[in-house]
file data27.cif (mmCIF, C-alpha atoms)
data_start
#
loop_
_atom_site.label_atom_id
_atom_site.label_comp_id
_atom_site.auth_asym_id
_atom_site.auth_seq_id
_atom_site.Cartn_x
_atom_site.Cartn_y
_atom_site.Cartn_z
CA MET Q 1 96.47 78.95 138.61
CA LYS Q 2 93.10 79.15 140.27
CA TYR Q 3 89.95 79.10 138.15
CA SER Q 4 87.51 79.08 141.02
CA LYS Q 5 86.08 81.63 143.44
CA ASN Q 6 87.26 80.82 146.94
CA ASN Q 7 86.28 77.18 146.56
CA GLU Q 8 88.21 75.22 149.19
CA GLN Q 9 87.40 71.85 147.63
CA ILE Q 10 88.78 72.82 144.21
CA GLU Q 11 91.83 74.45 145.81
CA GLU Q 12 92.53 71.17 147.61
CA ILE Q 13 92.23 69.24 144.33
CA GLU Q 14 94.64 71.68 142.66
CA LYS Q 15 97.08 71.23 145.55
CA GLN Q 16 96.88 67.43 145.21
CA LEU Q 17 97.50 67.72 141.47
CA GLU Q 18 100.63 69.81 142.07
CA GLU Q 19 101.89 67.21 144.55
CA LEU Q 20 101.23 64.46 142.00
CA GLU Q 21 103.18 66.42 139.38
CA ASP Q 22 106.16 66.67 141.74
CA LYS Q 23 105.98 62.92 142.43
CA THR Q 24 105.90 62.29 138.69
CA LEU Q 25 109.00 64.42 138.21
CA LEU Q 26 110.88 62.39 140.82
CA ALA Q 27 109.64 59.16 139.25
CA HIS Q 28 110.85 60.40 135.86
CA ILE Q 29 114.30 61.13 137.29
CA ASN Q 30 114.52 57.71 138.95
CA GLY Q 31 113.33 55.88 135.85
CA GLU Q 32 110.02 54.78 137.35
CA LYS Q 33 106.79 54.49 135.40
CA LYS Q 34 104.94 57.76 135.85
CA PRO Q 35 101.39 57.81 137.24
CA ASN Q 36 98.56 57.99 134.75
CA ILE Q 37 96.97 61.45 135.07
CA LYS Q 38 93.61 61.57 133.36
CA GLN Q 39 93.07 64.78 131.42
CA ARG Q 40 89.74 66.22 130.34
CA SER Q 41 90.92 66.87 126.79
CA LYS Q 42 94.02 66.74 124.65
CA VAL Q 43 95.22 68.59 121.58
CA SER Q 44 97.98 67.04 119.51
CA LEU Q 45 100.27 69.72 118.15
CA THR Q 46 103.21 68.64 116.06
CA GLU Q 47 106.08 70.52 114.52
CA ALA Q 48 107.53 69.83 111.09
CA ASN Q 49 110.72 67.82 111.50
CA ILE Q 50 110.17 67.66 115.25
CA GLY Q 51 113.42 67.78 117.19
CA LEU Q 52 115.35 69.01 114.16
CA GLY Q 53 118.71 70.34 115.28
CA ASN Q 54 118.40 68.87 118.74
CA THR Q 55 122.06 68.00 119.02
CA THR Q 56 122.46 69.52 122.45
CA ASN Q 57 125.02 67.54 124.51
CA ILE Q 58 125.79 65.25 121.56
CA ASP Q 59 129.54 65.66 122.06
CA ASN Q 60 129.34 65.64 125.87
CA ASP Q 61 131.56 68.70 125.75
CA GLY Q 62 131.31 70.91 128.83
CA PRO Q 63 128.40 71.20 131.28
CA LYS Q 64 125.16 69.48 130.36
CA LYS Q 65 122.42 71.69 128.88
CA CYS Q 66 118.64 71.40 128.77
CA VAL Q 67 117.48 69.94 125.43
CA GLY Q 68 114.35 72.08 125.58
CA CYS Q 69 115.85 75.56 125.95
CA GLY Q 70 119.61 75.09 125.79
CA VAL Q 71 120.37 76.51 129.24
CA GLU Q 72 123.19 75.04 131.30
CA MET Q 73 121.77 72.77 134.01
CA HIS Q 74 122.34 73.32 137.74
CA ASN Q 75 120.74 72.42 141.08
CA LEU Q 76 121.46 75.63 143.00
CA ASP Q 77 118.35 77.81 142.76
CA GLN Q 78 114.87 76.77 141.59
CA ARG Q 79 114.11 80.35 140.45
CA LYS Q 80 117.02 80.39 137.99
CA PRO Q 81 116.81 79.05 134.41
CA GLY Q 82 118.22 75.54 133.96
CA TYR Q 83 117.33 74.22 137.42
CA VAL Q 84 117.22 70.41 137.77
CA ILE Q 85 117.23 67.95 140.65
CA ASP Q 86 119.74 65.61 139.00
CA ALA Q 87 121.56 66.78 135.85
CA GLN Q 88 122.86 63.30 135.08
CA LYS Q 89 119.39 61.73 134.97
CA GLN Q 90 117.41 64.63 133.49
CA ASP Q 91 117.39 65.97 129.94
CA TYR Q 92 114.93 68.81 130.61
CA CYS Q 93 115.20 71.60 133.15
CA LEU Q 94 112.29 72.07 135.58
CA ARG Q 95 110.71 74.79 133.45
CA CYS Q 96 110.78 72.76 130.22
CA PHE Q 97 109.66 69.59 132.02
CA LYS Q 98 106.60 71.36 133.46
CA ILE Q 99 105.72 72.76 130.03
CA LYS Q 100 106.25 69.48 128.19
CA ASN Q 101 104.30 67.31 130.62
CA TYR Q 102 101.80 69.53 132.41
CA ASN Q 103 101.20 72.54 130.20
CA SER Q 104 102.42 74.66 133.10
CA LEU Q 105 105.09 77.36 133.13
CA VAL Q 106 107.43 77.95 136.05
CA GLU Q 107 108.31 81.58 136.78
CA GLN Q 108 112.07 82.04 136.69
CA ASP Q 109 114.39 85.04 136.76
CA ILE Q 110 117.09 86.30 134.44
CA PHE Q 111 119.50 89.20 134.98
CA ASP Q 112 119.43 92.33 132.84
CA GLU Q 113 122.73 91.71 131.03
CA ASP Q 114 121.69 88.17 130.03
CA PHE Q 115 118.33 89.39 128.77
CA ILE Q 116 119.95 92.20 126.75
CA ALA Q 117 121.97 89.55 124.90
CA ILE Q 118 118.76 87.63 124.13
CA LEU Q 119 116.99 90.76 122.86
CA ASP Q 120 119.96 91.78 120.73
CA GLU Q 121 119.92 88.42 118.97
CA ILE Q 122 116.13 88.46 118.53
CA ASN Q 123 116.14 91.99 117.09
CA LYS Q 124 119.11 91.23 114.83
CA ASN Q 125 117.74 88.01 113.36
CA ASN Q 126 114.07 88.93 113.03
CA GLU Q 127 112.74 91.81 110.96
CA LYS Q 128 109.04 91.29 111.64
CA ILE Q 129 108.26 90.32 115.23
CA ARG Q 130 105.84 91.34 117.94
CA TYR Q 131 106.62 91.84 121.62
CA TYR Q 132 104.02 91.50 124.36
CA TYR Q 133 105.28 93.74 127.17
CA VAL Q 134 103.56 92.69 130.42
CA ILE Q 135 103.09 95.23 133.22
CA ASP Q 136 101.37 94.81 136.58
CA ILE Q 137 98.45 97.16 137.31
CA PHE Q 138 99.11 96.74 141.06
CA ASP Q 139 102.72 97.85 140.61
CA LEU Q 140 102.54 100.09 137.56
CA PRO Q 141 105.74 102.14 138.08
CA GLY Q 142 107.68 99.18 139.49
CA SER Q 143 106.97 96.88 136.52
CA ARG Q 144 108.24 99.31 133.87
CA LEU Q 145 111.82 99.27 132.57
CA GLU Q 146 112.84 102.29 130.50
CA TRP Q 147 115.90 100.60 128.98
CA LEU Q 148 113.78 97.62 127.90
CA GLU Q 149 111.19 99.88 126.27
CA LYS Q 150 113.95 101.60 124.33
CA MET Q 151 115.34 98.27 123.08
CA ILE Q 152 111.99 97.03 121.75
CA SER Q 153 110.67 100.38 120.48
CA SER Q 154 111.76 99.72 116.87
CA LYS Q 155 109.55 96.59 116.75
CA GLU Q 156 105.81 96.00 117.00
CA VAL Q 157 104.82 96.13 120.69
CA VAL Q 158 101.58 95.31 122.52
CA VAL Q 159 101.46 96.42 126.16
CA LEU Q 160 99.54 93.90 128.28
CA VAL Q 161 98.19 95.63 131.39
CA ASN Q 162 97.87 92.52 133.52
CA LYS Q 163 96.03 91.60 136.75
CA ILE Q 164 93.21 93.98 135.91
CA ASP Q 165 90.96 91.70 137.97
CA LEU Q 166 92.76 92.94 141.10
CA LEU Q 167 91.12 96.35 140.84
CA PRO Q 168 87.77 96.92 142.59
CA LYS Q 169 84.89 95.80 140.37
CA ALA Q 170 83.37 99.29 140.36
CA VAL Q 171 86.43 100.83 138.69
CA ASN Q 172 85.73 102.08 135.16
CA LYS Q 173 87.98 100.12 132.77
CA VAL Q 174 87.84 102.86 130.10
CA LYS Q 175 89.20 105.30 132.67
CA ILE Q 176 91.98 102.84 133.59
CA MET Q 177 92.97 102.46 129.93
CA LYS Q 178 93.21 106.25 129.52
CA TYR Q 179 95.25 106.48 132.72
CA VAL Q 180 97.74 103.81 131.61
CA LYS Q 181 98.20 105.40 128.18
CA LYS Q 182 98.86 108.74 129.86
CA PHE Q 183 101.34 107.02 132.18
CA PHE Q 184 103.23 105.81 129.06
CA ALA Q 185 103.23 109.26 127.44
CA ASP Q 186 106.98 109.63 128.02
CA SER Q 187 107.79 106.12 126.75
CA PRO Q 188 109.58 105.43 123.44
CA LEU Q 189 106.72 102.99 122.72
CA LYS Q 190 104.78 105.62 120.80
CA ASP Q 191 102.48 103.53 118.59
CA SER Q 192 101.93 100.56 120.86
CA LYS Q 193 98.62 98.83 121.30
CA PHE Q 194 97.34 98.53 124.90
CA ILE Q 195 95.27 95.59 126.14
CA LEU Q 196 93.78 95.15 129.62
CA THR Q 197 94.13 91.52 130.58
CA SER Q 198 93.95 88.89 133.32
CA SER Q 199 94.78 85.22 133.70
CA ILE Q 200 91.73 84.72 135.95
CA LYS Q 201 88.79 86.27 134.08
CA SER Q 202 87.79 84.19 131.04
CA ASP Q 203 86.67 87.16 128.93
CA TYR Q 204 90.14 88.67 129.11
CA VAL Q 205 91.80 85.30 128.42
CA TYR Q 206 89.74 84.62 125.29
CA ALA Q 207 90.41 88.13 124.00
CA LEU Q 208 94.15 87.56 124.39
CA ILE Q 209 93.97 84.17 122.64
CA SER Q 210 92.23 85.83 119.69
CA GLU Q 211 95.02 88.39 119.55
CA LEU Q 212 97.73 85.71 119.63
CA LYS Q 213 96.03 83.65 116.93
CA SER Q 214 95.76 86.66 114.61
CA ILE Q 215 99.56 86.77 114.18
CA ASP Q 216 101.50 84.24 112.09
CA TYR Q 217 105.02 85.54 112.75
CA ASP Q 218 107.30 85.45 115.82
CA GLN Q 219 105.76 86.72 119.06
CA TYR Q 220 107.64 87.15 122.34
CA ILE Q 221 106.26 87.75 125.82
CA ILE Q 222 108.59 89.80 128.02
CA GLY Q 223 108.59 91.71 131.30
CA ILE Q 224 109.69 91.77 134.91
CA SER Q 225 109.29 88.66 137.05
CA ASN Q 226 105.94 88.23 138.82
CA THR Q 227 104.00 90.48 136.47
CA GLY Q 228 102.07 87.32 135.54
CA LYS Q 229 103.59 86.39 132.17
CA SER Q 230 103.60 82.66 132.75
CA SER Q 231 100.12 82.70 134.28
CA LEU Q 232 98.80 84.45 131.16
CA ILE Q 233 100.24 81.80 128.85
CA ASN Q 234 99.02 79.00 131.12
CA ALA Q 235 95.52 80.50 131.11
CA CYS Q 236 95.54 80.79 127.33
CA LEU Q 237 96.64 77.17 126.91
CA PHE Q 238 94.02 76.00 129.39
CA ALA Q 239 91.26 77.93 127.60
CA ASN Q 240 92.55 76.60 124.26
CA GLN Q 241 92.06 73.04 125.62
CA GLN Q 242 95.74 72.19 125.26
CA VAL Q 243 96.26 69.56 127.92
CA PRO Q 244 99.02 68.58 128.05
CA SER Q 245 100.59 68.46 124.56
CA ILE Q 246 102.52 71.56 123.49
CA VAL Q 247 105.60 72.16 121.39
CA THR Q 248 108.96 73.38 122.63
CA SER Q 249 111.58 74.56 120.21
CA LYS Q 250 115.04 73.01 120.09
CA TYR Q 251 118.34 74.88 120.12
CA VAL Q 252 121.85 73.79 119.28
CA ASN Q 253 124.16 74.46 122.23
CA THR Q 254 122.79 77.92 122.96
CA THR Q 255 121.92 79.72 126.15
CA LEU Q 256 118.84 81.42 124.73
CA ASN Q 257 116.32 80.69 127.43
CA LYS Q 258 113.16 81.12 125.40
CA ILE Q 259 110.53 78.46 124.83
CA LYS Q 260 108.22 78.21 121.82
CA ILE Q 261 104.58 77.47 122.60
CA ASN Q 262 102.11 76.76 119.81
CA PHE Q 263 98.40 77.59 119.92
CA THR Q 264 97.85 76.23 116.41
CA LYS Q 265 100.37 74.98 113.87
CA LYS Q 266 101.01 78.51 112.62
CA ASN Q 267 100.31 80.61 115.71
CA TYR Q 268 102.82 80.55 118.52
CA ILE Q 269 104.58 82.64 121.13
CA TYR Q 270 108.01 82.51 122.76
CA ASP Q 271 107.98 82.68 126.54
CA THR Q 272 111.03 84.25 128.19
CA PRO Q 273 112.12 84.27 131.85
CA GLY Q 274 111.14 87.28 133.95
CA LEU Q 275 113.69 89.99 134.56
CA VAL Q 276 114.79 90.26 138.19
CA LYS Q 277 112.55 92.70 140.07
CA GLN Q 278 115.32 94.74 141.65
CA ASN Q 279 113.30 97.77 142.86
CA HIS Q 280 110.58 95.78 144.61
CA ILE Q 281 110.19 95.62 148.40
CA ALA Q 282 110.15 91.81 148.21
CA THR Q 283 113.92 91.95 147.68
CA ALA Q 284 114.24 93.08 151.31
CA THR Q 285 112.25 90.13 152.68
CA ALA Q 286 112.51 86.36 152.81
CA SER Q 287 110.67 84.48 150.03
CA SER Q 288 108.35 82.98 152.66
CA TYR Q 289 106.63 86.39 152.84
CA TRP Q 290 106.10 86.85 149.10
CA ASP Q 291 102.41 85.99 149.33
CA PHE Q 292 102.03 89.49 150.79
CA PHE Q 293 103.29 91.02 147.53
CA PHE Q 294 102.38 88.62 144.70
CA PHE Q 295 98.77 87.51 144.80
CA LYS Q 296 95.64 86.85 142.73
CA LYS Q 297 92.77 88.31 144.72
CA GLU Q 298 91.13 91.72 144.49
CA ILE Q 299 93.02 94.47 146.29
CA LYS Q 300 91.67 95.84 149.54
CA GLN Q 301 90.93 99.50 150.23
CA VAL Q 302 91.55 100.64 153.80
CA THR Q 303 90.72 104.26 154.68
CA TYR Q 304 92.24 106.19 157.58
CA GLN Q 305 91.18 109.64 158.80
CA LEU Q 306 94.48 111.10 159.97
CA LEU Q 307 95.69 114.17 161.80
CA LYS Q 308 99.21 115.49 161.40
CA GLY Q 309 101.75 113.54 163.42
CA GLN Q 310 100.21 110.12 162.74
CA THR Q 311 101.87 107.11 161.09
CA ILE Q 312 100.66 103.93 159.37
CA PHE Q 313 102.95 100.86 159.43
CA TYR Q 314 102.96 98.18 156.69
CA GLY Q 315 103.65 95.14 158.89
CA GLY Q 316 107.32 95.37 159.81
CA LEU Q 317 108.47 96.66 156.42
CA ALA Q 318 107.81 100.35 155.92
CA TRP Q 319 105.71 103.25 157.20
CA PHE Q 320 103.80 106.28 155.93
CA THR Q 321 103.61 109.51 157.99
CA PHE Q 322 101.32 112.52 157.78
CA GLU Q 323 104.06 114.91 158.86
CA ASP Q 324 102.40 118.32 158.92
CA GLY Q 325 99.63 120.55 157.63
CA GLN Q 326 96.03 120.77 158.70
CA GLU Q 327 92.78 121.83 157.07
CA ARG Q 328 89.89 123.40 158.97
CA TYR Q 329 86.14 123.51 158.45
CA THR Q 330 85.39 127.08 157.40
CA GLU Q 331 82.07 127.32 159.27
CA LYS Q 332 83.06 125.87 162.65
CA ASN Q 333 86.81 126.57 162.42
CA LYS Q 334 87.44 123.02 163.61
CA ILE Q 335 90.34 120.83 162.52
CA LYS Q 336 89.46 118.58 159.58
CA LYS Q 337 90.89 115.08 159.43
CA THR Q 338 92.43 114.06 156.10
CA SER Q 339 91.39 110.85 154.32
CA PHE Q 340 94.09 108.48 153.07
CA HIS Q 341 92.95 105.42 151.09
CA PHE Q 342 95.42 102.50 151.21
CA TYR Q 343 95.14 100.03 148.31
CA ILE Q 344 96.88 96.89 149.52
CA ASN Q 345 97.03 93.11 149.47
CA LYS Q 346 94.26 91.79 151.75
CA LEU Q 347 96.92 89.92 153.75
CA MET Q 348 98.93 93.04 154.53
CA PRO Q 349 98.44 94.23 158.16
CA LEU Q 350 98.36 97.99 158.78
CA HIS Q 351 98.91 99.62 162.16
CA ARG Q 352 98.34 103.23 163.23
CA THR Q 353 100.54 104.96 165.77
CA LYS Q 354 101.87 108.44 166.56
CA ALA Q 355 104.82 109.73 164.59
CA ASN Q 356 106.78 110.36 167.78
CA ASN Q 357 106.31 106.67 168.69
CA ILE Q 358 107.80 105.24 165.43
CA GLU Q 359 111.20 104.30 166.84
CA ASN Q 360 109.80 102.76 170.01
CA TYR Q 361 107.08 100.79 168.19
CA PHE Q 362 109.43 99.42 165.54
CA ARG Q 363 112.19 98.50 168.00
CA LYS Q 364 109.71 96.73 170.28
CA ASN Q 365 107.81 94.81 167.56
CA ARG Q 366 110.10 94.40 164.54
CA HIS Q 367 110.89 90.75 165.32
CA SER Q 368 107.25 89.72 165.81
CA LEU Q 369 105.64 91.69 162.99
CA SER Q 370 104.72 89.94 159.75
CA PRO Q 371 105.87 90.40 157.07
CA ARG Q 372 109.26 91.62 158.24
CA LEU Q 373 112.69 92.32 156.81
CA LYS Q 374 115.26 89.55 156.41
CA ASP Q 375 118.07 91.83 157.61
CA LYS Q 376 117.62 92.56 161.32
CA ASP Q 377 120.03 95.50 161.02
CA ALA Q 378 118.40 96.98 157.91
CA LYS Q 379 118.85 100.67 157.22
CA PHE Q 380 115.99 102.87 156.04
CA LYS Q 381 115.43 105.67 153.57
CA THR Q 382 112.78 108.39 153.99
CA ILE Q 383 111.27 110.26 151.03
CA ASN Q 384 109.54 113.54 151.87
CA TYR Q 385 106.78 115.36 149.97
CA GLU Q 386 105.46 118.90 150.38
CA PHE Q 387 102.46 120.20 148.42
CA ASP Q 388 101.67 123.69 147.16
CA LYS Q 389 98.31 122.91 145.54
CA SER Q 390 95.13 120.90 145.88
CA ALA Q 391 95.00 117.76 143.68
CA ASP Q 392 94.31 114.01 143.75
CA PHE Q 393 97.44 111.85 144.02
CA ASP Q 394 98.57 108.23 144.33
CA LEU Q 395 101.76 107.45 146.24
CA HIS Q 396 103.05 104.13 144.83
CA ILE Q 397 105.44 101.88 146.78
CA SER Q 398 106.65 98.98 144.66
CA GLY Q 399 105.18 95.80 146.15
CA LEU Q 400 102.94 97.50 148.71
CA GLY Q 401 100.36 99.09 146.41
CA TRP Q 402 99.50 102.78 146.65
CA ILE Q 403 97.99 105.47 148.88
CA ASN Q 404 95.31 107.72 147.39
CA PHE Q 405 94.69 111.19 148.87
CA LYS Q 406 93.74 114.76 148.07
CA SER Q 407 96.51 117.23 148.81
CA PHE Q 408 96.21 120.78 150.12
CA ILE Q 409 98.60 123.71 150.38
CA GLY Q 410 101.10 123.11 153.18
CA MET Q 411 100.57 119.33 153.41
CA LYS Q 412 103.75 117.40 154.26
CA LEU Q 413 104.02 113.60 153.96
CA SER Q 414 106.79 111.03 154.12
CA ILE Q 415 107.26 107.36 153.25
CA THR Q 416 110.06 105.31 154.85
CA VAL Q 417 111.28 102.12 153.14
CA PRO Q 418 114.26 99.77 153.55
CA ALA Q 419 117.47 101.03 151.96
CA THR Q 420 118.29 98.30 149.42
CA GLU Q 421 121.14 98.10 146.91
CA SER Q 422 118.92 98.95 143.92
CA GLU Q 423 116.50 101.16 145.90
CA ILE Q 424 112.79 100.45 146.25
CA LYS Q 425 110.71 102.43 143.77
CA VAL Q 426 108.48 105.11 145.31
CA ASN Q 427 106.51 107.28 142.86
CA LEU Q 428 104.02 110.11 143.28
CA LEU Q 429 101.51 110.05 140.41
CA SER Q 430 98.18 111.59 139.59
CA ALA Q 431 95.29 109.52 140.97
CA MET Q 432 94.19 106.43 139.05
CA ILE Q 433 90.92 105.69 140.89
#
call {"tool": "encode", "arguments": {"input": "data27.cif", "output": "structure tokens"}}
result
Amino acid sequence: MKYSKNNEQIEEIEKQLEELEDKTLLAHINGEKKPNIKQRSKVSLTEANIGLGNTTNIDNDGPKKCVGCGVEMHNLDQRKPGYVIDAQKQDYCLRCFKIKNYNSLVEQDIFDEDFIAILDEINKNNEKIRYYYVIDIFDLPGSRLEWLEKMISSKEVVVLVNKIDLLPKAVNKVKIMKYVKKFFADSPLKDSKFILTSSIKSDYVYALISELKSIDYDQYIIGISNTGKSSLINACLFANQQVPSIVTSKYVNTTLNKIKINFTKKNYIYDTPGLVKQNHIATATASSYWDFFFFKKEIKQVTYQLLKGQTIFYGGLAWFTFEDGQERYTEKNKIKKTSFHFYINKLMPLHRTKANNIENYFRKNRHSLSPRLKDKDAKFKTINYEFDKSADFDLHISGLGWINFKSFIGMKLSITVPATESEIKVNLLSAMI
């Protein structure tokens, strides 16, 4: 997490601290004495009968499991629950080790079927619980899961509209709240509370802490991976001066990958892994390019005045085309260019070309463009739109942001994205900004 504004010196310190944490982990595995990391403050939180029931691995029966969350250990993929460097020498998986020692959560993925089993058990064993359902304001359609909303609709739900700090500062937050509630009008979450939040802005963090501390029964934070769940909890712990002592719950030979985090002795929340983001354009790229899709700085608005037959490329990933239709100035009878406002990650390069040059441009540059697709023989899917009225719209592409424009009768547009197994989400919505 970054708590500074473009301060290179502090960013370097944070980088050094992360490197020291990794060295400490290796020292822990090898039985070495870990370096002494001086903390600014500490809060001692204890649990009644600490470690009660922690009989994980006591019989040495079957694969070794993490004593913090009960997940089977492995060394195959750092983004999967239970990851360790050496299962024989470690008792905690990477995620639990980071929480226990550094008050820091590691974002990890879980598949839908595994998460359904977790939710079924939570719902069955707990009458009064609260879910915090985290969605990403930059990827509003892509961070919603209708089946998940249905499963939690019988319980108390708070929708956390996260990364609100990414929106331009001039955007009216009251208007955004009304827009999000309208967006959820078709959701089974009928009586849910909505909270705009951020892990970067302190006002939002303190408001969330107050909300968490007002509840003295089970609370669970859920959502798709990379919506910022772990960053929110980390920010709350940091603001609550909990460095580094926190409590993790213990499970007896289970695979429930949830971790209990206390804010006081009676106020706590269970963190869960993020669901795999299957409809996101990042799934079509190598992880080395994910900084283009998951980021913490304010989005950038880029405006193009386009004529029909012009195309805008998103790096080497996808392209938007103004296919047909043209407005004219009534007085001079001259062709009017149409404004398209692209809300994107500041790192994302855009390139304008003619629609009849798409194939040539992409074939010539696809291997040098950045970001680009991991499959050199990737197939593409084109979604077409034709308008019969004048209105303000946002065209959302999961992972790339959205395009804002005002339609007119006869306007024709298209968006072309990689054809992935689960399909990249593309949604046409009424305008947010």
call {"tool": "resolve_selection", "arguments": {"input": "data27.cif", "expression": "the PyMOL selection byres ((chain Q and resi 227) around 10)", "output": "PyMOL selection string"}}
result
chain Q and resi 107+133-140+142-143+160-163+222-226+228-232+274-275+277+294
call {"tool": "resolve_selection", "arguments": {"input": "data27.cif", "expression": "the PyMOL selection byres ((chain Q and resi 300) around 8)", "output": "list in words"}}
result
Glu298, Ile299, Gln301, Val302, Phe342, Tyr343, Ile344, Asn345 and Lys346 of chain Q
call {"tool": "residues_near_point", "arguments": {"input": "data27.cif", "point": "(89.4, 99.0, 142.4)", "cutoff": "10 Å", "atoms": "only C-alpha atoms", "output": "list of chain:residue names"}}
result
Q:Ile164, Q:Asp165, Q:Leu166, Q:Leu167, Q:Pro168, Q:Lys169, Q:Ala170, Q:Val171, Q:Asn172, Q:Lys173, Q:Ile176, Q:Glu298, Q:Ile299, Q:Lys300, Q:Gln301, Q:Tyr343, Q:Met432, Q:Ile433
call {"tool": "atom_distance", "arguments": {"input": "data27.cif", "atom1": "CA of Tyr92 (chain Q)", "atom2": "CA of Ala239 (chain Q)"}}
result
25.5 Å
call {"tool": "atom_distance", "arguments": {"input": "data27.cif", "atom1": "CA of Phe340 (chain Q)", "atom2": "CA of Asp186 (chain Q)"}}
result
28.2 Å
call {"tool": "residues_around", "arguments": {"input": "data27.cif", "residues": "region 314-319 of chain Q", "least_positions_apart": "3", "cutoff": "9 Å", "atoms": "all atoms listed in the file", "output": "JSON list (two decimals) with C-alpha atoms, keeping the file's coordinate frame"}}
result
[["chain", "number", "residue", "atom", "x", "y", "z"],
["Q", 281, "ILE", "CA", 110.19, 95.62, 148.40],
["Q", 284, "ALA", "CA", 114.24, 93.08, 151.31],
["Q", 285, "THR", "CA", 112.25, 90.13, 152.68],
["Q", 311, "THR", "CA", 101.87, 107.11, 161.09],
["Q", 348, "MET", "CA", 98.93, 93.04, 154.53],
["Q", 349, "PRO", "CA", 98.44, 94.23, 158.16],
["Q", 350, "LEU", "CA", 98.36, 97.99, 158.78],
["Q", 351, "HIS", "CA", 98.91, 99.62, 162.16],
["Q", 358, "ILE", "CA", 107.80, 105.24, 165.43],
["Q", 362, "PHE", "CA", 109.43, 99.42, 165.54],
["Q", 365, "ASN", "CA", 107.81, 94.81, 167.56],
["Q", 366, "ARG", "CA", 110.10, 94.40, 164.54],
["Q", 367, "HIS", "CA", 110.89, 90.75, 165.32],
["Q", 368, "SER", "CA", 107.25, 89.72, 165.81],
["Q", 369, "LEU", "CA", 105.64, 91.69, 162.99],
["Q", 370, "SER", "CA", 104.72, 89.94, 159.75],
["Q", 371, "PRO", "CA", 105.87, 90.40, 157.07],
["Q", 372, "ARG", "CA", 109.26, 91.62, 158.24],
["Q", 373, "LEU", "CA", 112.69, 92.32, 156.81],
["Q", 380, "PHE", "CA", 115.99, 102.87, 156.04],
["Q", 400, "LEU", "CA", 102.94, 97.50, 148.71],
["Q", 414, "SER", "CA", 106.79, 111.03, 154.12],
["Q", 415, "ILE", "CA", 107.26, 107.36, 153.25],
["Q", 416, "THR", "CA", 110.06, 105.31, 154.85],
["Q", 417, "VAL", "CA", 111.28, 102.12, 153.14],
["Q", 418, "PRO", "CA", 114.26, 99.77, 153.55]]
